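To be precise, the following lines are my_file.pdb, and they hold PDB, C-alpha atoms.
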ATOM      1  CA  MET Q 846      63.344  38.274  94.043
ATOM      2  CA  ASN Q 847      66.816  39.765  93.883
ATOM      3  CA  ASP Q 848      67.654  37.643  90.833
ATOM      4  CA  ILE Q 849      64.447  38.642  89.055
ATOM      5  CA  PHE Q 850      65.272  42.334  89.340
ATOM      6  CA  GLU Q 851      69.048  42.104  89.155
ATOM      7  CA  HIS Q 852      68.912  44.531  86.244
ATOM      8  CA  ALA Q 853      66.271  47.182  86.812
ATOM      9  CA  LYS Q 854      65.648  50.889  86.501
ATOM     10  CA  SER Q 855      64.522  51.188  90.089
ATOM     11  CA  ASN Q 856      65.952  54.510  91.226
ATOM     12  CA  TRP Q 857      63.406  56.895  92.712
ATOM     13  CA  VAL Q 858      63.390  60.405  94.169
ATOM     14  CA  ARG Q 859      62.361  61.522  97.636
ATOM     15  CA  TYR Q 860      62.522  65.070  98.996
ATOM     16  CA  SER Q 861      63.806  66.315 102.330
ATOM     17  CA  GLU Q 862      60.392  67.667 103.323
ATOM     18  CA  TYR Q 863      56.769  67.387 102.199
ATOM     19  CA  GLU Q 864      53.638  69.320 103.030
ATOM     20  CA  LEU Q 865      49.878  69.090 102.664
ATOM     21  CA  LYS Q 866      48.437  71.957 100.641
ATOM     22  CA  GLU Q 867      44.904  72.623  99.437
ATOM     23  CA  LYS Q 868      43.738  73.927  96.071
ATOM     24  CA  ASP Q 869      40.101  74.253  94.960
ATOM     25  CA  GLY Q 870      38.909  72.011  97.765
ATOM     26  CA  VAL Q 871      41.419  69.231  97.008
ATOM     27  CA  LEU Q 872      44.190  68.344  99.452
ATOM     28  CA  TYR Q 873      47.561  67.564  97.842
ATOM     29  CA  ILE Q 874      50.891  66.172  99.015
ATOM     30  CA  LYS Q 875      53.892  68.020  97.584
ATOM     31  CA  PRO Q 876      57.524  68.787  98.371
ATOM     32  CA  THR Q 877      57.985  72.074 100.217
ATOM     33  CA  ASP Q 878      59.280  74.955  98.130
ATOM     34  CA  ASP Q 879      62.827  74.652  99.483
ATOM     35  CA  ALA Q 880      62.962  70.837  99.786
ATOM     36  CA  MET Q 881      65.986  69.102  98.282
ATOM     37  CA  PRO Q 882      65.827  65.873  96.260
ATOM     38  CA  ASP Q 883      67.567  62.631  97.151
ATOM     39  CA  ILE Q 884      67.928  59.623  94.840
ATOM     40  CA  TYR Q 885      67.654  56.081  96.203
ATOM     41  CA  ASN Q 886      67.115  52.540  94.922
ATOM     42  CA  ILE Q 887      63.619  51.156  95.623
ATOM     43  CA  LEU Q 888      64.863  47.556  95.679
ATOM     44  CA  LYS Q 889      67.236  48.226  98.579
ATOM     45  CA  PHE Q 890      64.193  48.947 100.757
ATOM     46  CA  LYS Q 891      61.742  46.528  99.132
ATOM     47  CA  ASP Q 892      60.690  44.651 102.295
ATOM     48  CA  ASP Q 893      60.294  47.838 104.328
ATOM     49  CA  ILE Q 894      58.261  49.482 101.555
ATOM     50  CA  VAL Q 895      55.900  46.501 101.219
ATOM     51  CA  VAL Q 896      55.328  46.118 104.969
ATOM     52  CA  GLU Q 897      54.898  49.853 105.622
ATOM     53  CA  ALA Q 898      52.531  50.283 102.669
ATOM     54  CA  LEU Q 899      50.437  47.320 103.830
ATOM     55  CA  ASN Q 900      50.183  48.514 107.414
ATOM     56  CA  ILE Q 901      49.188  51.994 106.261
ATOM     57  CA  GLY Q 902      46.539  50.440 104.029
ATOM     58  CA  LEU Q 903      45.205  48.323 106.893
ATOM     59  CA  LEU Q 904      45.073  51.440 109.082
ATOM     60  CA  CYS Q 905      43.316  53.469 106.383
ATOM     61  CA  MET Q 906      40.638  50.811 105.874
ATOM     62  CA  SER Q 907      39.102  52.068 109.118
ATOM     63  CA  LYS Q 908      36.296  54.613 108.712
ATOM     64  CA  ASP Q 909      36.777  55.811 112.293
ATOM     65  CA  LYS Q 910      37.026  59.622 112.200
ATOM     66  CA  GLU Q 911      39.245  59.543 115.280
ATOM     67  CA  LYS Q 912      41.930  57.693 113.302
ATOM     68  CA  GLU Q 913      42.166  60.261 110.503
ATOM     69  CA  ALA Q 914      45.078  62.118 112.118
ATOM     70  CA  GLU Q 915      46.950  58.836 112.667
ATOM     71  CA  GLN Q 916      46.288  57.839 109.059
ATOM     72  CA  LYS Q 917      47.542  61.175 107.765
ATOM     73  CA  ASN Q 918      50.706  60.982 109.860
ATOM     74  CA  ALA Q 919      51.401  57.427 108.650
ATOM     75  CA  ILE Q 920      50.964  58.413 105.006
ATOM     76  CA  MET Q 921      53.164  61.490 105.327
ATOM     77  CA  GLY Q 922      55.793  59.381 107.098
ATOM     78  CA  PHE Q 923      55.875  56.921 104.210
ATOM     79  CA  ILE Q 924      56.109  59.732 101.641
ATOM     80  CA  SER Q 925      58.956  61.331 103.598
ATOM     81  CA  ARG Q 926      60.906  58.055 103.582
ATOM     82  CA  TYR Q 927      60.201  56.889 100.030
ATOM     83  CA  GLY Q 928      58.794  59.784  98.017
ATOM     84  CA  LEU Q 929      55.501  60.332  96.233
ATOM     85  CA  LEU Q 930      53.946  57.273  94.590
ATOM     86  CA  GLY Q 931      54.207  58.402  90.980
ATOM     87  CA  LEU Q 932      50.468  58.047  90.390
ATOM     88  CA  MET Q 933      50.729  60.089  87.179
ATOM     89  CA  THR Q 934      52.425  57.146  85.452
ATOM     90  CA  THR Q 935      50.645  54.427  87.442
ATOM     91  CA  ILE Q 936      47.193  54.624  85.856
ATOM     92  CA  THR Q 937      48.254  55.176  82.237
ATOM     93  CA  THR Q 938      48.749  52.335  79.774
ATOM     94  CA  THR Q 939      52.327  53.462  79.246
ATOM     95  CA  PRO Q 940      54.686  55.735  81.222
ATOM     96  CA  SER Q 941      55.655  57.196  77.832
ATOM     97  CA  PHE Q 942      52.264  58.893  77.422
ATOM     98  CA  MET Q 943      53.832  62.325  76.923
ATOM     99  CA  ASP Q 944      55.033  61.068  73.532
ATOM    100  CA  TYR Q 945      51.401  61.069  72.391
ATOM    101  CA  GLU Q 946      48.564  63.577  72.135
ATOM    102  CA  ILE Q 947      46.090  61.371  73.997
ATOM    103  CA  VAL Q 948      46.546  59.485  77.267
ATOM    104  CA  HIS Q 949      44.931  56.046  77.616
ATOM    105  CA  PHE Q 950      44.134  54.757  81.088
ATOM    106  CA  VAL Q 951      44.095  51.342  82.692
ATOM    107  CA  LYS Q 952      41.105  50.605  84.916
ATOM    108  CA  ASN Q 953      41.496  52.794  87.993
ATOM    109  CA  ARG Q 954      39.561  54.411  90.824
ATOM    110  CA  TYR Q 955      40.614  57.993  90.162
ATOM    111  CA  ILE Q 956      39.631  58.912  86.609
ATOM    112  CA  ASN Q 957      36.558  57.474  84.883
ATOM    113  CA  ASP Q 958      37.492  58.583  81.365
ATOM    114  CA  GLU Q 959      39.159  56.048  79.089
ATOM    115  CA  THR Q 960      41.244  58.715  77.356
ATOM    116  CA  MET Q 961      42.229  62.341  77.924
ATOM    117  CA  ASP Q 962      44.352  65.026  76.314
ATOM    118  CA  ALA Q 963      47.881  64.658  77.689
ATOM    119  CA  LEU Q 964      48.229  68.281  78.840
ATOM    120  CA  GLU Q 965      44.786  68.206  80.463
ATOM    121  CA  TYR Q 966      45.723  65.016  82.292
ATOM    122  CA  ILE Q 967      48.937  66.300  83.861
ATOM    123  CA  LYS Q 968      47.014  69.236  85.380
ATOM    124  CA  HIS Q 969      45.798  66.758  88.009
ATOM    125  CA  PHE Q 970      49.384  66.614  89.308
ATOM    126  CA  TYR Q 971      50.500  70.233  88.899
ATOM    127  CA  PRO Q 972      47.762  72.227  90.658
ATOM    128  CA  PHE Q 973      50.106  74.937  91.934
ATOM    129  CA  GLU Q 974      52.620  75.385  89.121
ATOM    130  CA  MET Q 975      52.300  73.782  85.705
ATOM    131  CA  PRO Q 976      55.536  72.688  84.011
ATOM    132  CA  GLU Q 977      56.541  74.550  80.885
ATOM    133  CA  VAL Q 978      55.494  72.005  78.290
ATOM    134  CA  ILE Q 979      54.802  72.771  74.661
ATOM    135  CA  LYS Q 980      53.158  70.061  72.578
ATOM    136  CA  ASN Q 981      52.514  70.220  68.861
ATOM    137  CA  GLY Q 982      51.079  66.894  67.817
ATOM    138  CA  LEU Q 983      53.622  64.275  68.794
ATOM    139  CA  ALA Q 984      56.395  66.853  69.116
ATOM    140  CA  MET Q 985      57.037  68.051  72.668
ATOM    141  CA  ARG Q 986      59.386  70.384  74.484
ATOM    142  CA  TRP Q 987      59.752  70.502  78.280
ATOM    143  CA  ASP Q 988      61.640  73.458  79.755
ATOM    144  CA  VAL Q 989      63.129  73.200  83.281
ATOM    145  CA  SER Q 990      65.413  76.231  83.091
ATOM    146  CA  GLY Q 991      65.690  78.631  86.030
ATOM    147  CA  ASP Q 992      66.344  76.137  88.825
ATOM    148  CA  ASN Q 993      69.778  74.531  88.766
ATOM    149  CA  THR Q 994      68.773  71.714  91.140
ATOM    150  CA  MET Q 995      65.728  70.778  89.058
ATOM    151  CA  MET Q 996      67.762  71.013  85.848
ATOM    152  CA  ALA Q 997      70.409  68.678  87.285
ATOM    153  CA  LEU Q 998      67.708  66.251  88.443
ATOM    154  CA  ALA Q 999      66.089  66.223  85.014
ATOM    155  CA  MET Q1000      69.462  65.592  83.365
ATOM    156  CA  THR Q1001      70.106  62.673  85.744
ATOM    157  CA  PHE Q1002      66.985  60.880  84.522
ATOM    158  CA  THR Q1003      67.223  61.505  80.782
ATOM    159  CA  ASP Q1004      67.118  57.731  80.275
ATOM    160  CA  ARG Q1005      63.641  57.566  81.836
ATOM    161  CA  GLU Q1006      60.302  58.416  80.244
ATOM    162  CA  THR Q1007      59.513  62.128  80.174
ATOM    163  CA  ALA Q1008      56.470  61.758  82.442
ATOM    164  CA  VAL Q1009      58.479  59.805  85.024
ATOM    165  CA  ASN Q1010      61.203  62.453  84.909
ATOM    166  CA  MET Q1011      58.614  65.207  85.297
ATOM    167  CA  SER Q1012      57.146  63.524  88.381
ATOM    168  CA  PHE Q1013      60.496  63.953  90.153
ATOM    169  CA  GLN Q1014      60.285  67.750  89.943
ATOM    170  CA  ARG Q1015      59.527  69.868  92.990
ATOM    171  CA  ASN Q1016      56.253  71.256  91.556
ATOM    172  CA  TYR Q1017      54.736  67.762  91.187
ATOM    173  CA  ALA Q1018      51.927  66.922  93.641
ATOM    174  CA  GLU Q1019      49.496  64.066  94.265
ATOM    175  CA  PRO Q1020      45.930  64.273  95.647
ATOM    176  CA  TYR Q1021      46.002  63.034  99.244
ATOM    177  CA  GLU Q1022      42.844  60.940  98.844
ATOM    178  CA  TRP Q1023      44.287  59.231  95.752
ATOM    179  CA  VAL Q1024      47.414  58.309  97.688
ATOM    180  CA  LYS Q1025      45.339  57.028 100.602
ATOM    181  CA  LEU Q1026      43.181  54.937  98.269
ATOM    182  CA  GLN Q1027      46.292  53.399  96.730
ATOM    183  CA  PHE Q1028      47.379  52.128 100.154
ATOM    184  CA  VAL Q1029      43.880  50.798 100.872
ATOM    185  CA  ASP Q1030      43.868  48.878  97.580
ATOM    186  CA  LEU Q1031      47.158  47.203  98.511
ATOM    187  CA  ALA Q1032      45.676  46.144 101.855
ATOM    188  CA  LEU Q1033      42.530  44.821 100.157
ATOM    189  CA  LEU Q1034      44.639  42.789  97.753
ATOM    190  CA  PHE Q1035      46.595  41.314 100.647
ATOM    191  CA  THR Q1036      43.630  40.563 102.918
ATOM    192  CA  THR Q1037      41.677  38.976 100.080
ATOM    193  CA  ALA Q1038      44.591  36.657  99.274
ATOM    194  CA  THR Q1039      45.079  35.880 102.987
ATOM    195  CA  PHE Q1040      41.512  35.305 104.188
ATOM    196  CA  TYR Q1041      40.590  33.190 101.163
ATOM    197  CA  TYR Q1042      42.401  30.278 102.812
ATOM    198  CA  ASP Q1043      40.543  30.554 106.119
ATOM    199  CA  LYS Q1044      39.509  27.007 107.030
ATOM    200  CA  ASP Q1045      36.052  28.212 108.126
ATOM    201  CA  PHE Q1046      35.181  29.558 104.683
ATOM    202  CA  ASN Q1047      32.624  27.646 102.643
ATOM    203  CA  ALA Q1048      32.494  27.336  98.856
ATOM    204  CA  GLU Q1049      30.285  30.414  98.531
ATOM    205  CA  ASP Q1050      32.723  32.513 100.558
ATOM    206  CA  ARG Q1051      35.660  31.341  98.476
ATOM    207  CA  ASP Q1052      33.827  32.091  95.236
ATOM    208  CA  LEU Q1053      33.174  35.634  96.472
ATOM    209  CA  TYR Q1054      36.852  36.121  97.305
ATOM    210  CA  GLN Q1055      37.851  34.761  93.904
ATOM    211  CA  GLN Q1056      35.643  37.414  92.295
ATOM    212  CA  MET Q1057      37.122  40.090  94.536
ATOM    213  CA  MET Q1058      40.646  39.080  93.530
ATOM    214  CA  MET Q1059      39.735  39.193  89.848
ATOM    215  CA  ALA Q1060      38.490  42.754  90.335
ATOM    216  CA  PHE Q1061      41.989  43.991  91.165
ATOM    217  CA  SER Q1062      43.482  45.533  88.057
ATOM    218  CA  THR Q1063      47.096  46.626  88.402
ATOM    219  CA  ASN Q1064      49.664  48.012  86.028
ATOM    220  CA  SER Q1065      52.913  46.128  85.516
ATOM    221  CA  PRO Q1066      56.502  47.280  85.179
ATOM    222  CA  THR Q1067      57.745  47.363  81.618
ATOM    223  CA  TYR Q1068      60.891  45.582  80.498
ATOM    224  CA  HIS Q1069      63.201  45.089  77.575
ATOM    225  CA  ILE Q1070      65.958  42.614  76.747
ATOM    226  CA  ARG Q1071      69.573  43.796  76.667
ATOM    227  CA  LEU Q1072      72.291  41.795  75.000
ATOM    228  CA  LEU Q1073      74.932  41.715  77.722
ATOM    229  CA  ASP Q1074      77.099  38.646  78.334
ATOM    230  CA  LYS Q1075      73.782  36.855  77.776
ATOM    231  CA  PRO Q1076      70.264  38.034  76.891
ATOM    232  CA  THR Q1077      69.152  39.885  80.020
ATOM    233  CA  LEU Q1078      65.809  41.223  81.214
ATOM    234  CA  VAL Q1079      65.951  44.870  82.265
ATOM    235  CA  TRP Q1080      62.906  45.974  84.262
ATOM    236  CA  ASN Q1081      61.604  49.518  84.334
ATOM    237  CA  PHE Q1082      59.474  50.589  87.294
ATOM    238  CA  GLY Q1083      57.340  53.423  85.964
ATOM    239  CA  SER Q1084      56.353  54.462  89.470
ATOM    240  CA  LEU Q1085      56.852  53.652  93.134
ATOM    241  CA  ALA Q1086      53.221  52.487  93.233
ATOM    242  CA  ILE Q1087      53.800  49.968  90.418
ATOM    243  CA  ALA Q1088      56.966  48.712  92.098
ATOM    244  CA  THR Q1089      55.140  48.262  95.407
ATOM    245  CA  GLN Q1090      52.279  46.377  93.738
ATOM    246  CA  MET Q1091      54.700  44.023  92.023
ATOM    247  CA  LEU Q1092      56.822  43.458  95.133
ATOM    248  CA  LEU Q1093      53.699  42.798  97.222
ATOM    249  CA  SER Q1094      52.377  40.325  94.651
ATOM    250  CA  LEU Q1095      55.672  38.461  94.691
ATOM    251  CA  SER Q1096      55.687  38.435  98.499
ATOM    252  CA  ILE Q1097      52.100  37.151  98.721
ATOM    253  CA  THR Q1098      52.936  34.258  96.400
ATOM    254  CA  ASP Q1099      56.261  33.423  98.059
ATOM    255  CA  GLU Q1100      55.838  29.818  99.252
ATOM    256  CA  LYS Q1101      58.556  29.981 101.930
ATOM    257  CA  THR Q1102      58.158  33.338 103.646
ATOM    258  CA  PRO Q1103      55.071  35.156 102.347
ATOM    259  CA  VAL Q1104      54.058  38.434 103.942
ATOM    260  CA  ARG Q1105      51.605  37.682 106.753
ATOM    261  CA  LEU Q1106      49.758  39.177 109.714
ATOM    262  CA  CYS Q1107      51.198  39.004 113.212
ATOM    263  CA  LYS Q1108      49.095  36.703 115.393
ATOM    264  CA  HIS Q1109      49.179  39.240 118.234
ATOM    265  CA  CYS Q1110      49.236  42.821 116.916
ATOM    266  CA  THR Q1111      47.734  41.897 113.477
ATOM    267  CA  LYS Q1112      50.253  44.095 111.637
ATOM    268  CA  ALA Q1113      51.825  42.874 108.415
ATOM    269  CA  PHE Q1114      55.382  41.554 108.484
ATOM    270  CA  ILE Q1115      57.729  39.481 106.359
ATOM    271  CA  PRO Q1116      58.920  36.503 108.439
ATOM    272  CA  THR Q1117      62.558  35.504 108.698
ATOM    273  CA  ARG Q1118      61.489  31.867 109.199
ATOM    274  CA  PRO Q1119      58.782  29.932 107.327
ATOM    275  CA  ASN Q1120      56.892  29.054 110.526
ATOM    276  CA  ALA Q1121      57.048  32.490 112.174
ATOM    277  CA  LEU Q1122      53.656  33.695 113.450
ATOM    278  CA  PHE Q1123      54.714  36.878 115.231
ATOM    279  CA  CYS Q1124      56.387  40.031 113.955
ATOM    280  CA  SER Q1125      58.648  40.243 117.007
ATOM    281  CA  SER Q1126      59.633  38.441 120.187
ATOM    282  CA  LYS Q1127      57.746  41.138 122.119
ATOM    283  CA  CYS Q1128      54.486  40.245 120.378
ATOM    284  CA  LYS Q1129      55.136  36.535 120.902
ATOM    285  CA  ASN Q1130      55.740  37.030 124.631
ATOM    286  CA  GLN Q1131      52.673  39.245 125.060
ATOM    287  CA  TYR Q1132      50.509  36.748 123.193
ATOM    288  CA  ASN Q1133      51.670  33.909 125.426
ATOM    289  CA  VAL Q1134      51.087  36.004 128.569
ATOM    290  CA  TYR Q1135      47.524  36.860 127.533
ATOM    291  CA  LYS Q1136      46.865  33.273 126.553
ATOM    292  CA  SER Q1137      48.154  32.035 129.918
ATOM    293  CA  ARG Q1138      46.008  34.554 131.797
ATOM    294  CA  ALA Q1139      42.937  33.488 129.838
ATOM    295  CA  LYS Q1140      43.520  29.864 130.828
ATOM    296  CA  GLU Q1141      43.891  30.839 134.486
ATOM    297  CA  GLU Q1142      40.628  32.758 134.416
ATOM    298  CA  GLN Q1143      38.808  29.740 133.007
ATOM    299  CA  LYS Q1144      39.854  27.527 135.905
TER
END

For this file, write the structure as structure tokens.
Amino acid sequence: MNDIFEHAKSNWVRYSEYELKEKDGVLYIKPTDDAMPDIYNILKFKDDIVVEALNIGLLCMSKDKEKEAEQKNAIMGFISRYGLLGLMTTITTTPSFMDYEIVHFVKNRYINDETMDALEYIKHFYPFEMPEVIKNGLAMRWDVSGDNTMMALAMTFTDRETAVNMSFQRNYAEPYEWVKLQFVDLALLFTTATFYYDKDFNAEDRDLYQQMMMAFSTNSPTYHIRLLDKPTLVWNFGSLAIATQMLLSLSITDEKTPVRLCKHCTKAFIPTRPNALFCSSKCKNQYNVYKSRAKEEQK
């Protein structure tokens, strides 16, 4: 995986503090007004991001009302460590959509329209303070004057698409339920790929899981070829969500050490050995203790 993404635009922004804030009945996640940005490389935390996202998704699959607080804390913890998901550029056909008048969408669970005016679309992500954007046909001007930190951040990412750069600003927000659903979809993708190979499944079960897998429609990172010492692929992750989807897909299909569920605690983990069944020695020991007790009780 390291070789595949040796050359990649994989830097992302996280803020020092986030909050939940409501507007018109919708709950959003956003940086606090005085939060400071921090730039990091997604690929340096790729295993942690995949495992944490999966475990949050597995937790959020529960409809138990008593787990809502735990789910919210887990989601906010992830956002605090890795930043918002960049959903604004996850469901569009291109992260460069601000270069056009109309946004086109990939199949998604958030917006039913196939197209939308670009300025109308970004309102979903700026409920509290819209960016100063002027569009006249394909011409566009985005003004970030007045905040030196935000100006410096925007200048740092001038090589990225305008919409990606805009999503790093402090006034950007994401609907909490959209973020939660994104984690659930990752967990569904993983569990479908995992349970399909259950030895107790019959042909009808497997056919159903095949159909479920085909229903997953994800966006892919873009790339271009640079002529360095040799022709070289340079990947561009348009969002943290897209990066996580790609990294999870690669981990699921890894023949040696694919992401799997711990045999004891049932949490996702990436094994250090091909035959590892437990996420930790603690889980392995507890499993063996319970198994031994069960045998004693049967005697």

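The space separating CA of Val1079 in chain Q from CA of Ala853 in chain Q comes to 5.1 Å.
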
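CA of Leu1095 in chain Q lies 29.6 Å from CA of Thr1001 in chain Q.
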
Checklist entry - How would you write, as a PyMOL selection string, the residues chosen by the PyMOL selection byres ((chain Q and resi 969) around 12) on this structure? => result chain Q and resi 868-869+871-873+932-934+955-956+961-968+970-975+1012+1016-1021+1023

Within 12 Å of range 885-895 of chain Q, which residues of range 919-1035 of chain Q come that close, and what is the closest atom pair and distance in Å for each? Count only C-alpha atoms and give it as CSV.
residue,atom,partner,partner_atom,distance
Q:Gly922,CA,Q:Ile894,CA,11.6
Q:Phe923,CA,Q:Ile894,CA,8.3
Q:Ile924,CA,Q:Ile894,CA,10.5
Q:Arg926,CA,Q:Ile894,CA,9.2
Q:Tyr927,CA,Q:Ile894,CA,7.8
Q:Gly928,CA,Q:Tyr885,CA,9.8
Q:Leu930,CA,Q:Ile894,CA,11.3
Q:Phe1028,CA,Q:Val895,CA,10.3
Q:Leu1031,CA,Q:Val895,CA,9.2
Q:Ala1032,CA,Q:Val895,CA,10.2
Q:Phe1035,CA,Q:Val895,CA,10.7

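For the residues Q:Asn900, Q:Ser907, Q:Asn1064, Q:Ser1084, ranking by smallest atom-to-atom distance to Val858 in chain Q using only C-alpha atoms places Q:Ser1084 first.
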
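Restricting the calculation to all atoms listed in the file, the smallest distance between Ser1096 in chain Q and any of Q:Lys917, Q:Glu1006, Q:Leu1034, Q:Met943 is found for Q:Leu1034.
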
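For the pair CA of Tyr860 in chain Q and CA of Thr1089 in chain Q, the separation is 18.7 Å.
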
Please identify all polymer residues within 10 Å of Ser861 in chain Q, counting only C-alpha atoms, omitting same-chain residues fewer than 2 positions from it, and present them as a compact mmCIF listing (two decimals) with C-alpha atoms, in the coordinates of the input.
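Final file, result18.txt:
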# COMPACT_ATOMS: atom_id res chain seq x y z
CA ARG Q 859 62.36 61.52 97.64
CA TYR Q 863 56.77 67.39 102.20
CA PRO Q 876 57.52 68.79 98.37
CA THR Q 877 57.98 72.07 100.22
CA ASP Q 879 62.83 74.65 99.48
CA ALA Q 880 62.96 70.84 99.79
CA MET Q 881 65.99 69.10 98.28
CA PRO Q 882 65.83 65.87 96.26
CA ASP Q 883 67.57 62.63 97.15
CA SER Q 925 58.96 61.33 103.60
CA ARG Q 926 60.91 58.06 103.58
CA GLY Q 928 58.79 59.78 98.02

Resolved residues for the PyMOL selection byres ((chain Q and resi 1112) around 10) as a PDB file with C-alpha atoms, in the frame of the given file:
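File out_3.pdb, as written:
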ATOM      1  CA  VAL Q 896      55.328  46.118 104.969  1.00  0.00           C
ATOM      2  CA  GLU Q 897      54.898  49.853 105.622  1.00  0.00           C
ATOM      3  CA  LEU Q 899      50.437  47.320 103.830  1.00  0.00           C
ATOM      4  CA  ASN Q 900      50.183  48.514 107.414  1.00  0.00           C
ATOM      5  CA  ILE Q 901      49.188  51.994 106.261  1.00  0.00           C
ATOM      6  CA  LEU Q 903      45.205  48.323 106.893  1.00  0.00           C
ATOM      7  CA  LEU Q 904      45.073  51.440 109.082  1.00  0.00           C
ATOM      8  CA  ARG Q1105      51.605  37.682 106.753  1.00  0.00           C
ATOM      9  CA  LEU Q1106      49.758  39.177 109.714  1.00  0.00           C
ATOM     10  CA  CYS Q1107      51.198  39.004 113.212  1.00  0.00           C
ATOM     11  CA  LYS Q1108      49.095  36.703 115.393  1.00  0.00           C
ATOM     12  CA  HIS Q1109      49.179  39.240 118.234  1.00  0.00           C
ATOM     13  CA  CYS Q1110      49.236  42.821 116.916  1.00  0.00           C
ATOM     14  CA  THR Q1111      47.734  41.897 113.477  1.00  0.00           C
ATOM     15  CA  ALA Q1113      51.825  42.874 108.415  1.00  0.00           C
ATOM     16  CA  PHE Q1114      55.382  41.554 108.484  1.00  0.00           C
ATOM     17  CA  PHE Q1123      54.714  36.878 115.231  1.00  0.00           C
ATOM     18  CA  CYS Q1124      56.387  40.031 113.955  1.00  0.00           C
TER      19      CYS Q1124
END

Next on the checklist: Applying 7 Å and only C-alpha atoms, which residues near Ile1087 in chain Q remain after dropping the ones on its own chain fewer than 3 positions away? List them as a PyMOL selection string.
Outcome noted: chain Q and resi 935+1064-1066+1082-1084+1090-1091

Checklist entry - For the file shown, what are the residues hit by the PyMOL selection byres ((chain Q and resi 1057-1059) around 12), laid out as a ChimeraX atom specification? => result /Q:1030-1031,1033-1041,1050-1056,1060-1063,1094
